[in-house]
>>> print(open('work.tsv').read())   # TSV, N, CA, C and O atoms
chain	number	residue	atom	x	y	z
A	854	MET	N	-13.83	-6.61	-0.91
A	854	MET	CA	-12.74	-5.84	-0.35
A	854	MET	C	-12.04	-5.15	-1.51
A	854	MET	O	-11.80	-5.75	-2.55
A	855	SER	N	-11.70	-3.91	-1.31
A	855	SER	CA	-10.97	-3.20	-2.34
A	855	SER	C	-9.69	-2.61	-1.77
A	855	SER	O	-9.50	-2.60	-0.54
A	856	GLU	N	-8.83	-2.16	-2.68
A	856	GLU	CA	-7.53	-1.60	-2.28
A	856	GLU	C	-6.70	-2.68	-1.59
A	856	GLU	O	-6.07	-2.47	-0.55
A	857	THR	N	-6.71	-3.90	-2.18
A	857	THR	CA	-6.02	-5.03	-1.57
A	857	THR	C	-4.50	-4.93	-1.69
A	857	THR	O	-3.79	-5.51	-0.89
A	858	LYS	N	-4.02	-4.25	-2.72
A	858	LYS	CA	-2.59	-4.04	-2.92
A	858	LYS	C	-1.81	-5.35	-3.01
A	858	LYS	O	-0.72	-5.48	-2.48
A	859	ILE	N	-2.41	-6.34	-3.67
A	859	ILE	CA	-1.72	-7.62	-3.85
A	859	ILE	C	-1.57	-7.91	-5.34
A	859	ILE	O	-2.28	-7.36	-6.18
A	860	ASP	N	-0.63	-8.78	-5.64
A	860	ASP	CA	-0.41	-9.21	-7.02
A	860	ASP	C	-0.28	-10.72	-7.05
A	860	ASP	O	-0.51	-11.40	-6.05
A	861	SER	N	0.12	-11.28	-8.19
A	861	SER	CA	0.16	-12.73	-8.35
A	861	SER	C	1.21	-13.42	-7.47
A	861	SER	O	1.20	-14.64	-7.35
A	862	SER	N	2.08	-12.67	-6.84
A	862	SER	CA	3.07	-13.28	-5.95
A	862	SER	C	2.46	-13.74	-4.62
A	862	SER	O	3.09	-14.48	-3.87
A	863	PHE	N	1.22	-13.33	-4.34
A	863	PHE	CA	0.52	-13.74	-3.12
A	863	PHE	C	-0.38	-14.93	-3.46
A	863	PHE	O	-1.29	-14.80	-4.28
A	864	PRO	N	-0.16	-16.09	-2.85
A	864	PRO	CA	-0.98	-17.27	-3.18
A	864	PRO	C	-2.41	-17.13	-2.67
A	864	PRO	O	-2.67	-16.47	-1.66
A	865	ASN	N	-3.35	-17.76	-3.38
A	865	ASN	CA	-4.76	-17.72	-2.99
A	865	ASN	C	-4.97	-18.24	-1.56
A	865	ASN	O	-5.81	-17.72	-0.83
A	866	ARG	N	-4.22	-19.26	-1.18
A	866	ARG	CA	-4.43	-19.86	0.16
A	866	ARG	C	-4.22	-18.86	1.29
A	866	ARG	O	-4.75	-19.01	2.38
A	867	GLN	N	-3.47	-17.82	1.02
A	867	GLN	CA	-3.22	-16.79	2.03
A	867	GLN	C	-4.49	-16.01	2.37
A	867	GLN	O	-4.59	-15.43	3.44
A	868	PHE	N	-5.48	-16.03	1.48
A	868	PHE	CA	-6.70	-15.24	1.67
A	868	PHE	C	-7.95	-16.10	1.81
A	868	PHE	O	-9.06	-15.59	1.75
A	869	GLU	N	-7.77	-17.40	2.01
A	869	GLU	CA	-8.90	-18.31	2.15
A	869	GLU	C	-9.66	-18.04	3.45
A	869	GLU	O	-9.07	-17.70	4.46
A	870	LYS	N	-10.99	-18.17	3.35
A	870	LYS	CA	-11.87	-18.07	4.51
A	870	LYS	C	-12.74	-19.32	4.50
A	870	LYS	O	-13.27	-19.69	3.45
A	871	SER	N	-12.90	-19.94	5.63
A	871	SER	CA	-13.70	-21.14	5.75
A	871	SER	C	-15.13	-20.89	5.25
A	871	SER	O	-15.74	-19.87	5.59
A	872	SER	N	-15.64	-21.78	4.42
A	872	SER	CA	-16.99	-21.75	3.87
A	872	SER	C	-17.21	-20.67	2.81
A	872	SER	O	-18.34	-20.36	2.45
A	873	TYR	N	-16.13	-20.08	2.30
A	873	TYR	CA	-16.23	-19.04	1.27
A	873	TYR	C	-15.28	-19.34	0.12
A	873	TYR	O	-14.22	-19.92	0.32
A	874	ARG	N	-15.68	-18.91	-1.07
A	874	ARG	CA	-14.79	-18.91	-2.23
A	874	ARG	C	-14.35	-17.47	-2.47
A	874	ARG	O	-15.12	-16.54	-2.25
A	875	SER	N	-13.13	-17.31	-2.92
A	875	SER	CA	-12.66	-15.95	-3.20
A	875	SER	C	-12.42	-15.77	-4.69
A	875	SER	O	-12.06	-16.71	-5.41
A	876	PHE	N	-12.66	-14.57	-5.14
A	876	PHE	CA	-12.43	-14.16	-6.52
A	876	PHE	C	-11.57	-12.90	-6.47
A	876	PHE	O	-11.96	-11.91	-5.85
A	877	ARG	N	-10.42	-12.96	-7.12
A	877	ARG	CA	-9.46	-11.86	-7.04
A	877	ARG	C	-9.32	-11.15	-8.38
A	877	ARG	O	-9.41	-11.75	-9.43
A	878	ARG	N	-9.08	-9.88	-8.28
A	878	ARG	CA	-8.66	-9.06	-9.42
A	878	ARG	C	-7.48	-8.24	-8.91
A	878	ARG	O	-7.64	-7.23	-8.24
A	879	ASP	N	-6.28	-8.74	-9.20
A	879	ASP	CA	-5.07	-8.13	-8.68
A	879	ASP	C	-4.64	-6.94	-9.53
A	879	ASP	O	-4.95	-6.85	-10.71
A	880	ARG	N	-3.92	-6.08	-8.90
A	880	ARG	CA	-3.31	-4.97	-9.61
A	880	ARG	C	-1.81	-5.04	-9.37
A	880	ARG	O	-1.08	-5.62	-10.12
A	881	ASN	N	-1.35	-4.46	-8.30
A	881	ASN	CA	0.04	-4.60	-7.88
A	881	ASN	C	0.13	-4.22	-6.41
A	881	ASN	O	-0.86	-3.82	-5.80
A	882	ASN	N	1.32	-4.34	-5.85
A	882	ASN	CA	1.45	-4.08	-4.41
A	882	ASN	C	1.53	-2.59	-4.09
A	882	ASN	O	1.74	-2.21	-2.96
A	883	PHE	N	1.33	-1.72	-5.08
A	883	PHE	CA	1.35	-0.27	-4.84
A	883	PHE	C	-0.05	0.31	-4.73
A	883	PHE	O	-0.22	1.48	-4.44
A	884	GLY	N	-1.07	-0.47	-5.00
A	884	GLY	CA	-2.43	0.05	-4.87
A	884	GLY	C	-3.42	-0.76	-5.66
A	884	GLY	O	-3.07	-1.62	-6.45
A	885	GLY	N	-4.69	-0.47	-5.45
A	885	GLY	CA	-5.77	-1.11	-6.18
A	885	GLY	C	-5.98	-2.55	-5.80
A	885	GLY	O	-5.49	-3.05	-4.81
A	886	GLY	N	-6.78	-3.23	-6.60
A	886	GLY	CA	-7.07	-4.64	-6.39
A	886	GLY	C	-8.39	-4.89	-5.70
A	886	GLY	O	-8.87	-4.05	-4.94
A	887	LEU	N	-8.97	-6.05	-5.99
A	887	LEU	CA	-10.25	-6.46	-5.42
A	887	LEU	C	-10.22	-7.92	-5.01
A	887	LEU	O	-9.55	-8.73	-5.65
A	888	ILE	N	-10.96	-8.25	-3.97
A	888	ILE	CA	-11.29	-9.63	-3.62
A	888	ILE	C	-12.77	-9.64	-3.27
A	888	ILE	O	-13.22	-8.83	-2.46
A	889	LEU	N	-13.52	-10.55	-3.89
A	889	LEU	CA	-14.91	-10.77	-3.53
A	889	LEU	C	-15.02	-12.16	-2.92
A	889	LEU	O	-14.46	-13.12	-3.45
A	890	TYR	N	-15.74	-12.27	-1.80
A	890	TYR	CA	-15.97	-13.54	-1.13
A	890	TYR	C	-17.44	-13.92	-1.28
A	890	TYR	O	-18.32	-13.09	-1.10
A	891	VAL	N	-17.67	-15.21	-1.61
A	891	VAL	CA	-19.02	-15.72	-1.78
A	891	VAL	C	-19.14	-17.02	-1.00
A	891	VAL	O	-18.25	-17.88	-1.07
A	892	LYS	N	-20.24	-17.17	-0.26
A	892	LYS	CA	-20.48	-18.41	0.48
A	892	LYS	C	-20.44	-19.60	-0.47
A	892	LYS	O	-20.90	-19.53	-1.61
A	893	ASP	N	-19.84	-20.71	-0.01
A	893	ASP	CA	-19.69	-21.92	-0.81
A	893	ASP	C	-21.00	-22.46	-1.37
A	893	ASP	O	-21.03	-23.05	-2.44
A	894	ASP	N	-22.10	-22.27	-0.64
A	894	ASP	CA	-23.37	-22.85	-1.06
A	894	ASP	C	-24.16	-21.96	-2.03
A	894	ASP	O	-25.27	-22.31	-2.42
A	895	ILE	N	-23.61	-20.84	-2.43
A	895	ILE	CA	-24.27	-19.96	-3.39
A	895	ILE	C	-23.66	-20.20	-4.77
A	895	ILE	O	-22.47	-19.96	-4.97
A	896	PRO	N	-24.46	-20.70	-5.72
A	896	PRO	CA	-23.91	-20.97	-7.04
A	896	PRO	C	-23.57	-19.67	-7.78
A	896	PRO	O	-24.39	-18.77	-7.88
A	897	CYS	N	-22.33	-19.59	-8.24
A	897	CYS	CA	-21.92	-18.41	-9.00
A	897	CYS	C	-20.70	-18.75	-9.83
A	897	CYS	O	-20.06	-19.79	-9.63
A	898	LYS	N	-20.40	-17.87	-10.77
A	898	LYS	CA	-19.19	-18.03	-11.57
A	898	LYS	C	-18.66	-16.66	-11.93
A	898	LYS	O	-19.40	-15.67	-11.99
A	899	ARG	N	-17.38	-16.63	-12.16
A	899	ARG	CA	-16.72	-15.40	-12.59
A	899	ARG	C	-16.90	-15.25	-14.10
A	899	ARG	O	-16.75	-16.22	-14.85
A	900	LEU	N	-17.25	-14.05	-14.52
A	900	LEU	CA	-17.37	-13.77	-15.94
A	900	LEU	C	-16.09	-13.10	-16.41
A	900	LEU	O	-15.65	-12.11	-15.81
A	901	ASP	N	-15.51	-13.64	-17.45
A	901	ASP	CA	-14.31	-13.04	-18.00
A	901	ASP	C	-14.70	-11.96	-18.98
A	901	ASP	O	-15.18	-12.24	-20.08
A	902	VAL	N	-14.54	-10.73	-18.54
A	902	VAL	CA	-14.85	-9.57	-19.36
A	902	VAL	C	-13.57	-8.79	-19.54
A	902	VAL	O	-12.87	-8.50	-18.56
A	903	HIS	N	-13.26	-8.46	-20.77
A	903	HIS	CA	-12.03	-7.72	-21.05
A	903	HIS	C	-12.14	-6.32	-20.46
A	903	HIS	O	-13.10	-5.60	-20.70
A	904	ASP	N	-11.15	-5.94	-19.69
A	904	ASP	CA	-11.10	-4.61	-19.07
A	904	ASP	C	-10.09	-3.77	-19.83
A	904	ASP	O	-8.90	-4.03	-19.78
A	905	ASN	N	-10.57	-2.75	-20.54
A	905	ASN	CA	-9.70	-1.89	-21.32
A	905	ASN	C	-8.98	-0.85	-20.47
A	905	ASN	O	-8.09	-0.17	-20.94
A	906	SER	N	-9.36	-0.72	-19.25
A	906	SER	CA	-8.79	0.31	-18.39
A	906	SER	C	-7.46	-0.15	-17.81
A	906	SER	O	-7.30	-1.29	-17.43
A	907	THR	N	-6.53	0.74	-17.73
A	907	THR	CA	-5.25	0.42	-17.11
A	907	THR	C	-5.19	0.92	-15.68
A	907	THR	O	-4.30	0.55	-14.94
A	908	ASN	N	-6.14	1.75	-15.27
A	908	ASN	CA	-6.07	2.37	-13.95
A	908	ASN	C	-7.09	1.84	-12.96
A	908	ASN	O	-6.99	2.13	-11.78
A	909	SER	N	-8.11	1.14	-13.41
A	909	SER	CA	-9.14	0.68	-12.50
A	909	SER	C	-9.32	-0.82	-12.66
A	909	SER	O	-8.86	-1.41	-13.63
A	910	GLU	N	-9.98	-1.43	-11.70
A	910	GLU	CA	-10.26	-2.85	-11.76
A	910	GLU	C	-11.75	-3.08	-11.73
A	910	GLU	O	-12.48	-2.39	-11.03
A	911	VAL	N	-12.20	-4.09	-12.48
A	911	VAL	CA	-13.59	-4.48	-12.51
A	911	VAL	C	-13.64	-6.00	-12.40
A	911	VAL	O	-12.86	-6.70	-13.05
A	912	LEU	N	-14.52	-6.51	-11.58
A	912	LEU	CA	-14.69	-7.95	-11.38
A	912	LEU	C	-16.17	-8.27	-11.47
A	912	LEU	O	-16.98	-7.68	-10.75
A	913	PHE	N	-16.55	-9.19	-12.37
A	913	PHE	CA	-17.94	-9.56	-12.59
A	913	PHE	C	-18.18	-10.98	-12.09
A	913	PHE	O	-17.46	-11.89	-12.46
A	914	LEU	N	-19.23	-11.14	-11.28
A	914	LEU	CA	-19.68	-12.47	-10.84
A	914	LEU	C	-21.14	-12.63	-11.22
A	914	LEU	O	-21.94	-11.71	-11.02
A	915	GLU	N	-21.48	-13.81	-11.74
A	915	GLU	CA	-22.86	-14.12	-12.08
A	915	GLU	C	-23.40	-15.12	-11.06
A	915	GLU	O	-22.80	-16.17	-10.84
A	916	PHE	N	-24.51	-14.76	-10.43
A	916	PHE	CA	-25.21	-15.63	-9.49
A	916	PHE	C	-26.48	-16.11	-10.17
A	916	PHE	O	-27.07	-15.40	-10.97
A	917	TYR	N	-26.90	-17.32	-9.85
A	917	TYR	CA	-28.09	-17.83	-10.49
A	917	TYR	C	-28.85	-18.73	-9.53
A	917	TYR	O	-28.30	-19.37	-8.66
A	918	ASP	N	-30.16	-18.71	-9.69
A	918	ASP	CA	-31.03	-19.65	-8.99
A	918	ASP	C	-31.99	-20.21	-10.03
A	918	ASP	O	-31.77	-20.05	-11.24
A	919	LYS	N	-33.05	-20.84	-9.62
A	919	LYS	CA	-33.95	-21.49	-10.57
A	919	LYS	C	-34.68	-20.51	-11.48
A	919	LYS	O	-35.07	-20.86	-12.58
A	920	LYS	N	-34.85	-19.29	-11.03
A	920	LYS	CA	-35.66	-18.35	-11.80
A	920	LYS	C	-34.88	-17.16	-12.36
A	920	LYS	O	-35.30	-16.57	-13.35
A	921	ARG	N	-33.77	-16.79	-11.73
A	921	ARG	CA	-33.10	-15.55	-12.13
A	921	ARG	C	-31.60	-15.69	-12.16
A	921	ARG	O	-31.02	-16.55	-11.52
A	922	ARG	N	-30.99	-14.77	-12.91
A	922	ARG	CA	-29.54	-14.60	-12.88
A	922	ARG	C	-29.26	-13.19	-12.37
A	922	ARG	O	-29.95	-12.24	-12.71
A	923	TRP	N	-28.24	-13.09	-11.57
A	923	TRP	CA	-27.86	-11.81	-10.97
A	923	TRP	C	-26.42	-11.51	-11.34
A	923	TRP	O	-25.61	-12.42	-11.49
A	924	LEU	N	-26.11	-10.26	-11.42
A	924	LEU	CA	-24.75	-9.84	-11.73
A	924	LEU	C	-24.23	-8.96	-10.60
A	924	LEU	O	-24.88	-7.99	-10.21
A	925	LEU	N	-23.08	-9.33	-10.06
A	925	LEU	CA	-22.42	-8.53	-9.04
A	925	LEU	C	-21.16	-7.96	-9.68
A	925	LEU	O	-20.38	-8.69	-10.29
A	926	ILE	N	-21.00	-6.66	-9.56
A	926	ILE	CA	-19.84	-6.00	-10.15
A	926	ILE	C	-19.03	-5.36	-9.04
A	926	ILE	O	-19.54	-4.53	-8.29
A	927	GLY	N	-17.78	-5.78	-8.92
A	927	GLY	CA	-16.86	-5.14	-7.99
A	927	GLY	C	-16.01	-4.15	-8.76
A	927	GLY	O	-15.51	-4.46	-9.84
A	928	LEU	N	-15.89	-2.94	-8.24
A	928	LEU	CA	-15.15	-1.87	-8.91
A	928	LEU	C	-14.12	-1.26	-7.98
A	928	LEU	O	-14.36	-1.13	-6.78
A	929	TYR	N	-13.00	-0.87	-8.55
A	929	TYR	CA	-12.02	-0.07	-7.82
A	929	TYR	C	-11.64	1.12	-8.70
A	929	TYR	O	-11.24	0.94	-9.86
A	930	LYS	N	-11.80	2.32	-8.17
A	930	LYS	CA	-11.41	3.54	-8.86
A	930	LYS	C	-10.27	4.18	-8.09
A	930	LYS	O	-10.43	4.53	-6.92
A	931	PRO	N	-9.11	4.33	-8.71
A	931	PRO	CA	-8.00	4.96	-8.01
A	931	PRO	C	-8.34	6.41	-7.65
A	931	PRO	O	-9.08	7.07	-8.38
A	932	PRO	N	-7.83	6.90	-6.55
A	932	PRO	CA	-8.17	8.26	-6.11
A	932	PRO	C	-7.73	9.34	-7.09
A	932	PRO	O	-8.35	10.40	-7.16
A	933	PHE	N	-6.70	9.08	-7.88
A	933	PHE	CA	-6.22	10.10	-8.81
A	933	PHE	C	-7.04	10.17	-10.10
A	933	PHE	O	-6.92	11.10	-10.87
A	934	GLN	N	-7.88	9.16	-10.34
A	934	GLN	CA	-8.66	9.12	-11.58
A	934	GLN	C	-9.95	9.91	-11.40
A	934	GLN	O	-10.68	9.69	-10.44
A	935	ASN	N	-10.23	10.82	-12.33
A	935	ASN	CA	-11.46	11.60	-12.19
A	935	ASN	C	-12.68	10.74	-12.56
A	935	ASN	O	-12.55	9.72	-13.24
A	936	ASP	N	-13.84	11.16	-12.10
A	936	ASP	CA	-15.07	10.38	-12.29
A	936	ASP	C	-15.41	10.17	-13.76
A	936	ASP	O	-15.82	9.09	-14.16
A	937	LYS	N	-15.23	11.19	-14.58
A	937	LYS	CA	-15.56	11.07	-16.01
A	937	LYS	C	-14.69	10.01	-16.68
A	937	LYS	O	-15.19	9.16	-17.43
A	938	GLU	N	-13.39	10.03	-16.41
A	938	GLU	CA	-12.49	9.04	-16.99
A	938	GLU	C	-12.87	7.63	-16.53
A	938	GLU	O	-12.89	6.69	-17.31
A	939	PHE	N	-13.20	7.50	-15.25
A	939	PHE	CA	-13.60	6.21	-14.69
A	939	PHE	C	-14.85	5.68	-15.39
A	939	PHE	O	-14.89	4.53	-15.84
A	940	LEU	N	-15.87	6.53	-15.53
A	940	LEU	CA	-17.12	6.11	-16.17
A	940	LEU	C	-16.92	5.83	-17.66
A	940	LEU	O	-17.50	4.89	-18.21
A	941	ASP	N	-16.09	6.62	-18.31
A	941	ASP	CA	-15.78	6.37	-19.73
A	941	ASP	C	-15.13	5.00	-19.90
A	941	ASP	O	-15.45	4.26	-20.82
A	942	ASN	N	-14.20	4.64	-19.00
A	942	ASN	CA	-13.55	3.34	-19.07
A	942	ASN	C	-14.52	2.20	-18.84
A	942	ASN	O	-14.40	1.14	-19.43
A	943	LEU	N	-15.51	2.41	-17.96
A	943	LEU	CA	-16.50	1.36	-17.69
A	943	LEU	C	-17.33	1.05	-18.93
A	943	LEU	O	-17.68	-0.11	-19.18
A	944	THR	N	-17.66	2.06	-19.70
A	944	THR	CA	-18.49	1.83	-20.89
A	944	THR	C	-17.71	1.12	-21.98
A	944	THR	O	-18.28	0.56	-22.89
A	945	LYS	N	-16.37	1.11	-21.89
A	945	LYS	CA	-15.53	0.43	-22.87
A	945	LYS	C	-15.28	-1.02	-22.48
A	945	LYS	O	-14.76	-1.80	-23.25
A	946	THR	N	-15.60	-1.39	-21.23
A	946	THR	CA	-15.33	-2.73	-20.73
A	946	THR	C	-16.27	-3.74	-21.34
A	946	THR	O	-17.39	-3.51	-21.57
>>> encode(input="work.tsv", output="structure tokens")
Amino acid sequence: MSETKIDSSFPNRQFEKSSYRSFRRDRNNFGGGLILYVKDDIPCKRLDVHDNSTNSEVLFLEFYDKKRRWLLIGLYKPPFQNDKEFLDNLTKT
């Protein structure tokens, strides 16, 4: 989910879903933000990657099984940010 418009004043329990874990990347209540939901039985972890961007949000999750590792990237690009600036910020992350 993107454009969640939530910040740290909203407790995690407010967004809990049965049988799912949530991973949040908050911005503020004026726009932006991400929540990713993953089934409880799927092994994964959040990767802490420094985000140099002040206008966009990026959330990285690593999934793994016996043979492979997968990377899921959640992105939010504000409507006022042009595509070039957004992509430039991603390469700095």
>>> residues_around(input="work.tsv", residues="region 910-926 of chain A", least_positions_apart="2", cutoff="7 Å", atoms="only N, CA, C and O atoms", output="list in words")
Arg877, Arg878, Asp879, Gly885, Gly886, Leu887, Ile895, Pro896, Cys897, Lys898, Arg899, Leu900, Asp901, Val902, Asp904, Ser906, Thr907, Asn908, Leu928, Tyr929, Lys930 and Pro931 of chain A
>>> atom_distance(input="work.tsv", atom1="atom O of Pro864 (chain A)", atom2="atom N of Asp894 (chain A)")
20.3 Å
>>> atom_distance(input="work.tsv", atom1="CA of Leu943 (chain A)", atom2="atom N of Gly884 (chain A)")
20.1 Å
>>> atom_distance(input="work.tsv", atom1="CA of Lys892 (chain A)", atom2="atom O of Ser875 (chain A)")
10.4 Å
>>> select_by_dssp(input="work.tsv", residues="chain A", states="alpha helix (DSSP H)", output="number ranges by chain")
A: 936-945
>>> residues_around(input="work.tsv", residues="Phe876 (chain A)", least_positions_apart="5", cutoff="6 Å", atoms="all atoms listed in the file", output="number ranges by chain")
A: 887-890
>>> select_by_dssp(input="work.tsv", residues="chain A", states="strand (DSSP E)", output="short mmCIF file (atom, residue, chain, number, x, y, z; two decimals) with N, CA, C and O atoms, in the coordinates of the input")
data_model
loop_
_atom_site.label_atom_id
_atom_site.label_comp_id
_atom_site.auth_asym_id
_atom_site.auth_seq_id
_atom_site.Cartn_x
_atom_site.Cartn_y
_atom_site.Cartn_z
N TYR A 873 -16.13 -20.08 2.30
CA TYR A 873 -16.23 -19.04 1.27
C TYR A 873 -15.28 -19.34 0.12
O TYR A 873 -14.22 -19.92 0.32
N ARG A 874 -15.68 -18.91 -1.07
CA ARG A 874 -14.79 -18.91 -2.23
C ARG A 874 -14.35 -17.47 -2.47
O ARG A 874 -15.12 -16.54 -2.25
N SER A 875 -13.13 -17.31 -2.92
CA SER A 875 -12.66 -15.95 -3.20
C SER A 875 -12.42 -15.77 -4.69
O SER A 875 -12.06 -16.71 -5.41
N PHE A 876 -12.66 -14.57 -5.14
CA PHE A 876 -12.43 -14.16 -6.52
C PHE A 876 -11.57 -12.90 -6.47
O PHE A 876 -11.96 -11.91 -5.85
N ARG A 877 -10.42 -12.96 -7.12
CA ARG A 877 -9.46 -11.86 -7.04
C ARG A 877 -9.32 -11.15 -8.38
O ARG A 877 -9.41 -11.75 -9.43
N ARG A 878 -9.08 -9.88 -8.28
CA ARG A 878 -8.66 -9.06 -9.42
C ARG A 878 -7.48 -8.24 -8.91
O ARG A 878 -7.64 -7.23 -8.24
N LEU A 887 -8.97 -6.05 -5.99
CA LEU A 887 -10.25 -6.46 -5.42
C LEU A 887 -10.22 -7.92 -5.01
O LEU A 887 -9.55 -8.73 -5.65
N ILE A 888 -10.96 -8.25 -3.97
CA ILE A 888 -11.29 -9.63 -3.62
C ILE A 888 -12.77 -9.64 -3.27
O ILE A 888 -13.22 -8.83 -2.46
N LEU A 889 -13.52 -10.55 -3.89
CA LEU A 889 -14.91 -10.77 -3.53
C LEU A 889 -15.02 -12.16 -2.92
O LEU A 889 -14.46 -13.12 -3.45
N TYR A 890 -15.74 -12.27 -1.80
CA TYR A 890 -15.97 -13.54 -1.13
C TYR A 890 -17.44 -13.92 -1.28
O TYR A 890 -18.32 -13.09 -1.10
N VAL A 891 -17.67 -15.21 -1.61
CA VAL A 891 -19.02 -15.72 -1.78
C VAL A 891 -19.14 -17.02 -1.00
O VAL A 891 -18.25 -17.88 -1.07
N LYS A 892 -20.24 -17.17 -0.26
CA LYS A 892 -20.48 -18.41 0.48
C LYS A 892 -20.44 -19.60 -0.47
O LYS A 892 -20.90 -19.53 -1.61
N CYS A 897 -22.33 -19.59 -8.24
CA CYS A 897 -21.92 -18.41 -9.00
C CYS A 897 -20.70 -18.75 -9.83
O CYS A 897 -20.06 -19.79 -9.63
N LYS A 898 -20.40 -17.87 -10.77
CA LYS A 898 -19.19 -18.03 -11.57
C LYS A 898 -18.66 -16.66 -11.93
O LYS A 898 -19.40 -15.67 -11.99
N ARG A 899 -17.38 -16.63 -12.16
CA ARG A 899 -16.72 -15.40 -12.59
C ARG A 899 -16.90 -15.25 -14.10
O ARG A 899 -16.75 -16.22 -14.85
N LEU A 900 -17.25 -14.05 -14.52
CA LEU A 900 -17.37 -13.77 -15.94
C LEU A 900 -16.09 -13.10 -16.41
O LEU A 900 -15.65 -12.11 -15.81
N GLU A 910 -9.98 -1.43 -11.70
CA GLU A 910 -10.26 -2.85 -11.76
C GLU A 910 -11.75 -3.08 -11.73
O GLU A 910 -12.48 -2.39 -11.03
N VAL A 911 -12.20 -4.09 -12.48
CA VAL A 911 -13.59 -4.48 -12.51
C VAL A 911 -13.64 -6.00 -12.40
O VAL A 911 -12.86 -6.70 -13.05
N LEU A 912 -14.52 -6.51 -11.58
CA LEU A 912 -14.69 -7.95 -11.38
C LEU A 912 -16.17 -8.27 -11.47
O LEU A 912 -16.98 -7.68 -10.75
N PHE A 913 -16.55 -9.19 -12.37
CA PHE A 913 -17.94 -9.56 -12.59
C PHE A 913 -18.18 -10.98 -12.09
O PHE A 913 -17.46 -11.89 -12.46
N LEU A 914 -19.23 -11.14 -11.28
CA LEU A 914 -19.68 -12.47 -10.84
C LEU A 914 -21.14 -12.63 -11.22
O LEU A 914 -21.94 -11.71 -11.02
N GLU A 915 -21.48 -13.81 -11.74
CA GLU A 915 -22.86 -14.12 -12.08
C GLU A 915 -23.40 -15.12 -11.06
O GLU A 915 -22.80 -16.17 -10.84
N PHE A 916 -24.51 -14.76 -10.43
CA PHE A 916 -25.21 -15.63 -9.49
C PHE A 916 -26.48 -16.11 -10.17
O PHE A 916 -27.07 -15.40 -10.97
N TYR A 917 -26.90 -17.32 -9.85
CA TYR A 917 -28.09 -17.83 -10.49
C TYR A 917 -28.85 -18.73 -9.53
O TYR A 917 -28.30 -19.37 -8.66
N ARG A 922 -30.99 -14.77 -12.91
CA ARG A 922 -29.54 -14.60 -12.88
C ARG A 922 -29.26 -13.19 -12.37
O ARG A 922 -29.95 -12.24 -12.71
N TRP A 923 -28.24 -13.09 -11.57
CA TRP A 923 -27.86 -11.81 -10.97
C TRP A 923 -26.42 -11.51 -11.34
O TRP A 923 -25.61 -12.42 -11.49
N LEU A 924 -26.11 -10.26 -11.42
CA LEU A 924 -24.75 -9.84 -11.73
C LEU A 924 -24.23 -8.96 -10.60
O LEU A 924 -24.88 -7.99 -10.21
N LEU A 925 -23.08 -9.33 -10.06
CA LEU A 925 -22.42 -8.53 -9.04
C LEU A 925 -21.16 -7.96 -9.68
O LEU A 925 -20.38 -8.69 -10.29
N ILE A 926 -21.00 -6.66 -9.56
CA ILE A 926 -19.84 -6.00 -10.15
C ILE A 926 -19.03 -5.36 -9.04
O ILE A 926 -19.54 -4.53 -8.29
N GLY A 927 -17.78 -5.78 -8.92
CA GLY A 927 -16.86 -5.14 -7.99
C GLY A 927 -16.01 -4.15 -8.76
O GLY A 927 -15.51 -4.46 -9.84
N LEU A 928 -15.89 -2.94 -8.24
CA LEU A 928 -15.15 -1.87 -8.91
C LEU A 928 -14.12 -1.26 -7.98
O LEU A 928 -14.36 -1.13 -6.78
N TYR A 929 -13.00 -0.87 -8.55
CA TYR A 929 -12.02 -0.07 -7.82
C TYR A 929 -11.64 1.12 -8.70
O TYR A 929 -11.24 0.94 -9.86
#
>>> residues_around(input="work.tsv", residues="Ser871 (chain A)", least_positions_apart="3", cutoff="8 Å", atoms="only N, CA, C and O atoms", output="number ranges by chain")
A: 868, 874, 891-893
>>> residues_near_point(input="work.tsv", point="(0.3, -4.8, -4.3)", cutoff="4.5 Å", atoms="all atoms listed in the file", output="MDAnalysis selection string")
chainID A and resid 858:860 881:883
>>> axis_aligned_box(input="work.tsv", around="region 908-925 of chain A", padding_each_side="3 Å", output="lines of an AutoDock Vina configuration file")
center_x = -20.9
center_y = -9.6
center_z = -12.0
size_x = 35.6
size_y = 29.9
size_z = 12.6
